[in-house]
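**Q** A single structure is presented below for examination.
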Amino acid sequence: MLYKIKILGIVQGVGFRPYIKELFLQAGFKGFVKNVGGDVIAYLFLDDSAGESFLEVCKKSIYDNAPSASEILDIEISEIDNMSPEYLEVNSRYISMCDKKGDFYIEKSASEFGDYLPIFPPDTGICEDCLRELKDKKDKRYNYPLITCTVCGPRYTILKKLPYDRENSTMECFSMCESCAEEYLANRRQHAQTISCHDCGPELSLRVFGENDNLLDGKSPSVSVYIGNSKESNERLINKATSLLNENKILGIKGVGGFNLVCKIDDEETVKRLRRVKFRDKKPFAIMFKDLNEIKKYAYVSENEGRALVSRARPIVLLKDKGTLKCAKSVYGESNYIGAFLPSMGLHYMLLEKIGPLIVTSANESDEPMITDDNDFSFEVDGILSNNREILTPMDDSVVFFDYKGEMRMIRRSRGYVPLPVITKSLEKNDKGVICLGGDLKSAFAVSLKDRTILSEYFGDLVNIKIQENLMKEIDRIIEIYGVKPEIIVSDTHPSYFSVKIAEELSLKYHAELLKVQHHHAHIASVMAEYDLSHCIGVALDGTGYGDDGKIWGGEFFYCSDDKYFREGHLSYVGLVGGDNASKDAVATAICYLIQMMGEDKVCECLKESVGSDLKMKVNLLSAALKNGVNTFETSSTGRLFDCISVLLGICFENSYEGECAILLEKNAEKFYGNVVEYRDKIIHEFHESVGNDFLNQMKMVQFILSKRREGVSKEELAFIFHLIVAESIYCECCEIRNKYSEEKVCLSGGVFANRLLIELIEDRLEGDGFKVYLNSQVPANDGGISLGQAFICSTQSGARPASES
């Protein structure tokens with residue numbers, strides 16, 4: 001009898017075929033195992049028909065001892081009719097090969113795809129076994145910078161096509177040495193497609209600029225080149241790179257997903273120079289540490305945060321700063337948090353062991369794509385440490401934080417998580433291939449089929465033509481890898497979004513239906529997709545999104561049922577001036593609020609205490625623009641409300657990076673953190689007396705904060721009060737929607753929910769009154785997650801609009 005065992009999940013690139021081979025060989029069975037598309041299939045010959053109990057034992061054995069990097073979604077076992085073509089083909093193949101390969105062997109892969117999206121593992125950080133070998137002077141891979149095995153190393157970034165075999169990756173051009181070839185057939189690197197060593201792996205190179213120059217001769221800097229293609233030369237090269245970094249030089253270093261800019265953390269001038277090189281003014285840099293114990297010296301690390309740091313994904317985790325790290329002030333400036341992460345490759349460990357913590361930031365200017373090719377590297381650095389293993393998919397580090405409950409929240413979903421799918425069981429009948437373009441900011445697209453939605457890596461903002469080109473290239477690549485036939489293309493409804501134009505082009509290219517989904521509905525639907533919800537109250541708070549009425553939404557309250565939504569409330573509209581610049585110039589935003597609230601004449605006096613500078617001319621210009629409708633728009637944006645309050649409290653006056661005002665406002669609120677119930681009840685009572693039932697009126701919120709400011713309340717307490725009244729307003733509106741629909745599930749999404757304090761205050765208020773609260777966890781709450789929501793809505797299509805109706 002012949003049995004077919006189909007294993008679905010993360011089963012390629014994780015040592016699954018060798019595991020199955022050894023499992024059945026030890027049991028004395030005959031057959032073979034192979035990769036098929038993105039799955040693993042084993043054929044098992046038995047003398048007699050297997051009973052149900054045997055098949056269950058077989059399944060359990062596979063589940064119980066599976067490789068640590070794998071994740072099994074399902075195991076399907078079926079008996080193959082001995083008169084079927086499949087039986088004849090498998091039997092013939094086995095008879096011809098078993099004498100050469102043994103009773104149970106690994107068969108050549110096949111590229112067939114099922115009617116679902118195969119699951120492929122992301123790139124994973126260096127494992128403990130490889131780290132041990134890296135440090136073992138007796139091991140052949142001692143100090144080998146690119147050490148990997150079956151459970152760690154690059155995967156998706158080097159994948160050409162499925163199934164995952166060496167010839168289908170950028171490791172194809174590196175022939176294994178005799179020793180590695182032997183390991184490939186046995187031991188823990190059996191069928192490890194990235195297997196290599198000092199003698200046969202990718203070649204390292206270090207270019208040092210101006211090393212021997214006379215700085216007074218006016219000539220172009222010379223270039224010294226060091227090559228690493230053996231154990232000895234690799235060691236010399238790493239020692240030279242270490243020496244340069246210790247001399248406070250800046251290096252470009254090729255990592256797993258692209259180039260990074262790297263320098264020490266303790267020299268102020270070096271860090272400032274790095275900011276000039278990267279065109280990054282204030283946004284904090286992430287710091288790479290050697291191990292978890294080192295991080296714990298400088299930051300508070302919870303159990304869940306520690307697990308994330310050492311996980312295979314190796315994300316940057318935002319940790320509460322202890323204030324004990326001796327580093328340049330400009331590394332992370334005024335932030336309360338250290339963006340800490342651990343090495344993902346051997347090269348990183350070797351440098352950190354010799355130097356200590358390092359700034360490791362992506363080698364791209366702000367709003368530019370990440371660099372993967374030496375020829376595209378144009379930064380003014382002191383040296384470039386690279387290797388000749390090609391990177392096919394640029395992949396930045398993922399960024400996460402943990403809320404007060406210890407739940408992980410994503411800010412950027414990229415390396416370590418992409419291309420893992422989000423699985424929504426209720427969408428199993430969705431048999432059309434769907435491509436969703438997301439939005440223009442924090443762009444990430446999605447491909448969806450049946451119950452699986454795969455989100456792409458983070459790209460950046462599509463205003464940059466290079467980002468657009470990267471996104472379109474990756475869409476073509478993922479369609480080819482996964483064998484998806486695009487039948488529906490989904491975009492945002494914003495008429496000026498670049499993502500909408502790209503969607504229109506794809507629709508024509510693939511003769512696919514084009515649908516459009518409202519921005520904030522997609523935010524809420526992304527949460528519904530994660531938790532497989534059919535209905536909920538939706539609260540979407542962010543900076544911008546095109547509304548159904550042509551205005552800019554950003555403080556939205558919906559009732560959502562399946563793919564439909566009803567706008568039940570929103571923050572009151574405020575007129576602003578300046579288009580996209582309104583999200584950067586917080587002072588101009590505050591002036592616009594105040595002009596509409598108290599009239600032009602009183603604005604300068606109101607801002608004198610917090611801003612201080614002469615604003616009369618600016619106030620006059622903005623007032624004239626508002627009166628005459630010049631470059632103005634109406635918005636219910638929560639992000640701009642945070643900007644306004646930040647200015648009124650004298651905390652921050654511009655967003656030099658996205659969300660800076662809101663981040664510093666939260667920081668000040670956390671300094672006060674009024675955690676006494678009586679205090680909170682008193683403030684909430686005063687707020688209700690002030691605004692009555694008009695709790696979503698932005699002007700009344702601002703007036704309340706100004707009234708407390710006149711009482712002499714500190715800016716820290718005022719910042720906390722503001723967070724408290726925002727949470728109260730959300731609670732009150734959710735109560736009204738609950739009364740109307742008898743709905744107690746609340747989904748929160750949008751970029752504002754990167755605010756830990758606000759999450760805590762809102763959840764505490766809602767859950768205290770019987771609501772069940774859901775937030776994004778598998779995808780970001782910001783625009784990086786809305787393509788998932790678009791896919792969820794598109795599953796039944798009636799909630800999305802045909803392009804002709806938009």
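Convention: chains lettered A, B, ... in structure tokens order; per-chain residue numbering from 1; ligands numbered from 1 as shown.
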Please return, as a PyMOL selection string, all residues of range 569-746 of chain A that DSSP assigns to alpha helix (DSSP H) on the basis of the backbone.

**A** chain A and resi 586-598+603-608+616-628+638-648+660-672+677-691+698-710+715-741

**Q** Can you write out the residues you just picked, keeping C-alpha atoms, as a compact mmCIF listing (two decimals), in the first residue's frame?

**A**
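Written file, again18.txt:
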```
# COMPACT_ATOMS: atom_id res chain seq x y z
CA ALA A 586 2.93 71.78 14.22
CA VAL A 587 2.99 75.51 15.03
CA ALA A 588 0.98 76.29 11.88
CA THR A 589 -1.47 73.57 12.87
CA ALA A 590 -1.90 75.04 16.37
CA ILE A 591 -2.40 78.53 14.90
CA CYS A 592 -5.17 77.22 12.64
CA TYR A 593 -6.93 75.62 15.60
CA LEU A 594 -6.69 78.81 17.65
CA ILE A 595 -7.84 81.14 14.84
CA GLN A 596 -11.04 79.12 14.48
CA MET A 597 -11.48 78.84 18.25
CA MET A 598 -10.76 82.37 19.50
CA VAL A 603 -3.61 83.77 18.89
CA CYS A 604 -0.21 85.41 19.44
CA GLU A 605 -0.97 86.06 23.09
CA CYS A 606 -2.12 82.46 23.58
CA LEU A 607 1.08 81.08 22.05
CA LYS A 608 3.45 83.61 23.63
CA LYS A 616 2.14 87.83 13.96
CA MET A 617 3.06 87.54 10.28
CA LYS A 618 2.50 83.77 10.28
CA VAL A 619 -0.87 84.18 12.00
CA ASN A 620 -1.95 86.83 9.47
CA LEU A 621 -1.00 84.64 6.49
CA LEU A 622 -2.72 81.56 7.87
CA SER A 623 -5.81 83.54 8.80
CA ALA A 624 -6.05 84.95 5.27
CA ALA A 625 -5.62 81.49 3.78
CA LEU A 626 -8.39 80.07 5.98
CA LYS A 627 -10.77 82.93 5.15
CA ASN A 628 -10.15 82.66 1.41
CA THR A 638 -6.29 62.83 15.60
CA GLY A 639 -2.63 63.21 14.67
CA ARG A 640 -3.01 66.94 14.09
CA LEU A 641 -4.86 67.31 17.39
CA PHE A 642 -1.84 65.79 19.17
CA ASP A 643 0.42 68.23 17.28
CA CYS A 644 -1.69 71.18 18.39
CA ILE A 645 -1.60 70.20 22.07
CA SER A 646 2.15 69.55 21.89
CA VAL A 647 2.65 73.16 20.72
CA LEU A 648 0.27 74.65 23.28
CA GLU A 660 7.66 63.37 16.93
CA CYS A 661 5.18 65.74 18.59
CA ALA A 662 2.93 62.88 19.72
CA ILE A 663 5.90 60.86 21.00
CA LEU A 664 7.21 63.73 23.13
CA LEU A 665 3.69 64.53 24.34
CA GLU A 666 3.35 60.94 25.53
CA LYS A 667 6.79 61.15 27.17
CA ASN A 668 5.72 64.16 29.21
CA ALA A 669 2.44 62.49 30.15
CA GLU A 670 4.30 59.44 31.43
CA LYS A 671 6.34 61.68 33.75
CA PHE A 672 3.13 62.57 35.55
CA VAL A 677 -8.60 56.55 40.56
CA GLU A 678 -9.98 59.57 42.44
CA TYR A 679 -7.78 61.93 40.40
CA ARG A 680 -8.90 60.43 37.11
CA ASP A 681 -12.56 60.55 38.13
CA LYS A 682 -12.18 64.23 39.08
CA ILE A 683 -10.64 65.18 35.69
CA ILE A 684 -13.23 63.17 33.75
CA HIS A 685 -16.04 64.83 35.71
CA GLU A 686 -14.60 68.28 34.95
CA PHE A 687 -14.26 67.38 31.27
CA HIS A 688 -17.90 66.28 31.00
CA GLU A 689 -19.06 69.43 32.75
CA SER A 690 -17.04 71.45 30.23
CA VAL A 691 -18.05 69.72 26.97
CA GLN A 698 -11.78 69.09 19.02
CA MET A 699 -12.12 72.78 19.87
CA LYS A 700 -13.73 71.97 23.20
CA MET A 701 -10.91 69.53 24.00
CA VAL A 702 -8.37 72.25 23.26
CA GLN A 703 -10.34 74.78 25.32
CA PHE A 704 -10.39 72.37 28.26
CA ILE A 705 -6.59 71.96 28.13
CA LEU A 706 -6.12 75.76 27.87
CA SER A 707 -8.39 76.28 30.89
CA LYS A 708 -6.24 73.88 32.92
CA ARG A 709 -3.11 75.65 31.65
CA ARG A 710 -4.45 78.96 32.98
CA LYS A 715 2.89 70.65 31.15
CA GLU A 716 3.48 67.05 32.28
CA GLU A 717 0.12 66.91 34.05
CA LEU A 718 -1.57 68.67 31.14
CA ALA A 719 -0.12 66.10 28.74
CA PHE A 720 -1.55 63.32 30.90
CA ILE A 721 -4.92 65.07 31.17
CA PHE A 722 -5.06 65.31 27.39
CA HIS A 723 -4.47 61.56 27.01
CA LEU A 724 -7.13 60.96 29.65
CA ILE A 725 -9.81 63.04 27.91
CA VAL A 726 -9.04 61.47 24.51
CA ALA A 727 -9.56 58.03 26.09
CA GLU A 728 -12.78 59.26 27.73
CA SER A 729 -14.11 60.62 24.43
CA ILE A 730 -13.45 57.29 22.74
CA TYR A 731 -15.21 55.45 25.56
CA CYS A 732 -18.27 57.71 25.38
CA GLU A 733 -18.66 57.30 21.61
CA CYS A 734 -18.25 53.50 21.88
CA CYS A 735 -21.03 53.49 24.49
CA GLU A 736 -23.36 55.29 22.10
CA ILE A 737 -22.58 52.81 19.29
CA ARG A 738 -23.08 49.89 21.69
CA ASN A 739 -26.48 51.23 22.66
CA LYS A 740 -27.47 51.38 19.00
CA TYR A 741 -26.12 48.00 17.81
```

**Q** Can you tell me which residues surround range 787-797 of chain A at a distance of at most 7 Å, considering only C-alpha atoms, apart from same-chain residues fewer than 2 positions away, and format the answer as a ChimeraX atom specification?

**A** /A:427,430,436-438,444-446,448,453,490,517,522-526,529,563,785,799-800

**Q** Using N, CA, C and O atoms, can you export the residues from the last selection as a compact mmCIF listing (two decimals), in the first residue's frame?

**A**
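Ended up saving to part01.txt:
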```txt
# COMPACT_ATOMS: atom_id res chain seq x y z
N LEU A 427 -12.15 33.03 5.56
CA LEU A 427 -11.96 33.39 4.15
C LEU A 427 -11.57 32.20 3.28
O LEU A 427 -11.13 32.38 2.14
N ASN A 430 -12.50 32.03 -0.38
CA ASN A 430 -12.05 33.08 -1.27
C ASN A 430 -11.05 32.50 -2.28
O ASN A 430 -9.86 32.39 -2.01
N CYS A 436 -3.40 43.59 -3.00
CA CYS A 436 -3.85 44.81 -2.33
C CYS A 436 -2.67 45.76 -2.17
O CYS A 436 -1.62 45.36 -1.66
N LEU A 437 -2.85 47.01 -2.58
CA LEU A 437 -1.74 47.96 -2.64
C LEU A 437 -1.53 48.75 -1.34
O LEU A 437 -0.56 49.49 -1.24
N GLY A 438 -2.43 48.63 -0.37
CA GLY A 438 -2.26 49.39 0.86
C GLY A 438 -2.42 50.88 0.62
O GLY A 438 -3.29 51.32 -0.13
N ALA A 444 3.15 48.90 2.15
CA ALA A 444 3.33 47.45 2.15
C ALA A 444 2.12 46.87 1.43
O ALA A 444 0.98 47.16 1.79
N PHE A 445 2.35 46.06 0.42
CA PHE A 445 1.23 45.45 -0.30
C PHE A 445 0.94 44.06 0.26
O PHE A 445 1.67 43.55 1.12
N ALA A 446 -0.13 43.45 -0.21
CA ALA A 446 -0.49 42.10 0.24
C ALA A 446 -0.99 41.28 -0.93
O ALA A 446 -1.58 41.82 -1.87
N SER A 448 -3.36 37.79 -1.50
CA SER A 448 -4.30 36.99 -0.73
C SER A 448 -4.96 35.93 -1.60
O SER A 448 -5.30 36.18 -2.76
N THR A 453 -3.20 35.51 3.80
CA THR A 453 -2.80 36.81 3.25
C THR A 453 -1.34 37.04 3.61
O THR A 453 -0.98 37.04 4.79
N VAL A 490 -6.80 45.74 -5.46
CA VAL A 490 -7.48 46.61 -4.50
C VAL A 490 -6.57 47.78 -4.14
O VAL A 490 -5.37 47.61 -3.91
N VAL A 517 -11.07 50.65 -1.48
CA VAL A 517 -11.52 50.50 -0.09
C VAL A 517 -11.16 51.75 0.69
O VAL A 517 -10.02 52.23 0.62
N ALA A 522 -10.30 50.05 6.10
CA ALA A 522 -9.23 49.05 5.96
C ALA A 522 -8.45 48.89 7.25
O ALA A 522 -8.04 47.77 7.62
N HIS A 523 -8.22 50.00 7.97
CA HIS A 523 -7.55 49.90 9.27
C HIS A 523 -8.31 48.96 10.20
O HIS A 523 -7.73 48.04 10.79
N ILE A 524 -9.60 49.18 10.35
CA ILE A 524 -10.40 48.36 11.26
C ILE A 524 -10.47 46.91 10.75
O ILE A 524 -10.37 45.96 11.54
N ALA A 525 -10.62 46.75 9.45
CA ALA A 525 -10.71 45.41 8.87
C ALA A 525 -9.42 44.62 9.08
O ALA A 525 -9.45 43.39 9.16
N SER A 526 -8.28 45.31 9.20
CA SER A 526 -7.03 44.59 9.46
C SER A 526 -7.06 43.90 10.82
O SER A 526 -6.53 42.80 11.00
N ALA A 529 -9.46 40.92 10.52
CA ALA A 529 -8.81 39.80 9.83
C ALA A 529 -7.93 39.02 10.78
O ALA A 529 -7.89 37.78 10.75
N ASP A 563 -18.17 43.02 5.57
CA ASP A 563 -17.37 43.93 4.76
C ASP A 563 -18.00 45.32 4.66
O ASP A 563 -17.55 46.15 3.88
N GLY A 785 -0.25 48.17 7.79
CA GLY A 785 -1.14 47.01 7.94
C GLY A 785 -2.43 47.09 7.15
O GLY A 785 -3.22 46.12 7.16
N GLY A 799 -18.28 45.37 0.13
CA GLY A 799 -17.87 46.53 0.91
C GLY A 799 -16.85 47.38 0.20
O GLY A 799 -16.54 48.48 0.64
N ALA A 800 -16.29 46.88 -0.89
CA ALA A 800 -15.35 47.65 -1.68
C ALA A 800 -16.06 48.21 -2.89
O ALA A 800 -17.04 47.65 -3.36
```

**Q** Sort by chain and increasing residue number a table of all residues of range 12-80 of chain A within 8 Å of range 182-196 of chain A, each with its closest pair of atoms and their distance in Å to one decimal, counting only C-alpha atoms, and write it as CSV.

**A**
```
residue,atom,partner,partner_atom,distance
A:Gly13,CA,A:Ala192,CA,7.2
A:Val14,CA,A:Ala192,CA,7.9
A:Gly15,CA,A:Ala192,CA,6.8
A:Arg17,CA,A:His191,CA,7.9
A:Pro18,CA,A:Gln190,CA,6.3
```

**Q** Would you work out the distance separating CA of Arg276 in chain A from CA of Ser378 in chain A, expressed in Å to one decimal?

**A**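 Taking CA of Arg276 in chain A as the start and CA of Ser378 in chain A as the end point, the length is 13.6 Å.
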
**Q** Which residue is closest to His494 in chain A? Choose from A:Leu309, A:Ile552, A:Cys747, A:Cys560 and count only C-alpha atoms.

**A**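 With only C-alpha atoms as the atom set, the closest residue is A:Ile552.
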
**Q** Distance table requested - range 252-287 of chain A against range 240-246 of chain A, cut-off 9 Å, only C-alpha atoms: one row per qualifying residue with the closest atom pair and its distance in Å to one decimal, ordered by chain and rising residue number, as JSON lines.

**A**
```
{"residue": "A:Val262", "atom": "CA", "partner": "A:Leu245", "partner_atom": "CA", "distance": 8.1}
{"residue": "A:Cys263", "atom": "CA", "partner": "A:Leu245", "partner_atom": "CA", "distance": 6.0}
{"residue": "A:Lys264", "atom": "CA", "partner": "A:Leu245", "partner_atom": "CA", "distance": 6.5}
```

**Q** Would you put the residues from that selection into a file with C-alpha atoms, as a PDB file, in the first residue's frame?

**A**
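Dumped to selection23.pdb:
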```pdb
ATOM      1  CA  VAL A 262      27.534  51.272  11.520  1.00  0.00           C
ATOM      2  CA  CYS A 263      29.507  53.194  14.131  1.00  0.00           C
ATOM      3  CA  LYS A 264      30.257  53.250  17.858  1.00  0.00           C
TER       4      LYS A 264
END
```

**Q** Excluding same-chain residues fewer than 4 positions from Val223 in chain A, what lies within 7 Å of it counting only C-alpha atoms, as a list in words?

**A**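 Here the qualifying residues turn out to be Arg207, Val208, Phe209 and Gly210 of chain A.
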
**Q** Using only C-alpha atoms for the distances, tell me which of A:Ser230, A:Thr424, A:Ser70, A:Asn631 is nearest to Gln778 in chain A.

**A** A:Thr424

**Q** If we count only C-alpha atoms, what is near Ser507 in chain A at a cut-off of 7 Å, once residues fewer than 6 positions away on the same chain are taken out, given as an NGL selection string?

**A** :A and (489 or 513-514)

**Q** Generate the output file for the selected residues, C-alpha atoms, as a compact mmCIF listing (two decimals), in the first residue's frame.

**A**
```txt
# COMPACT_ATOMS: atom_id res chain seq x y z
CA ILE A 489 -6.60 44.49 -7.54
CA GLU A 513 -11.09 43.73 -11.54
CA LEU A 514 -10.18 46.97 -9.74
```

**Q** Name the residues in contact with range 397-410 of chain A at a cut-off of 8 Å, using only C-alpha atoms, excluding same-chain residues fewer than 5 positions from it; report them as a PyMOL selection string.

**A** chain A and resi 302+304-305+314-319+415-417+754+756+759-760+776-781

**Q** Report the distance between CA of Lys30 in chain A and CA of Ile106 in chain A in Å, rounded to one decimal place.

**A**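 Result for CA of Lys30 in chain A versus CA of Ile106 in chain A: 11.5 Å, one decimal.
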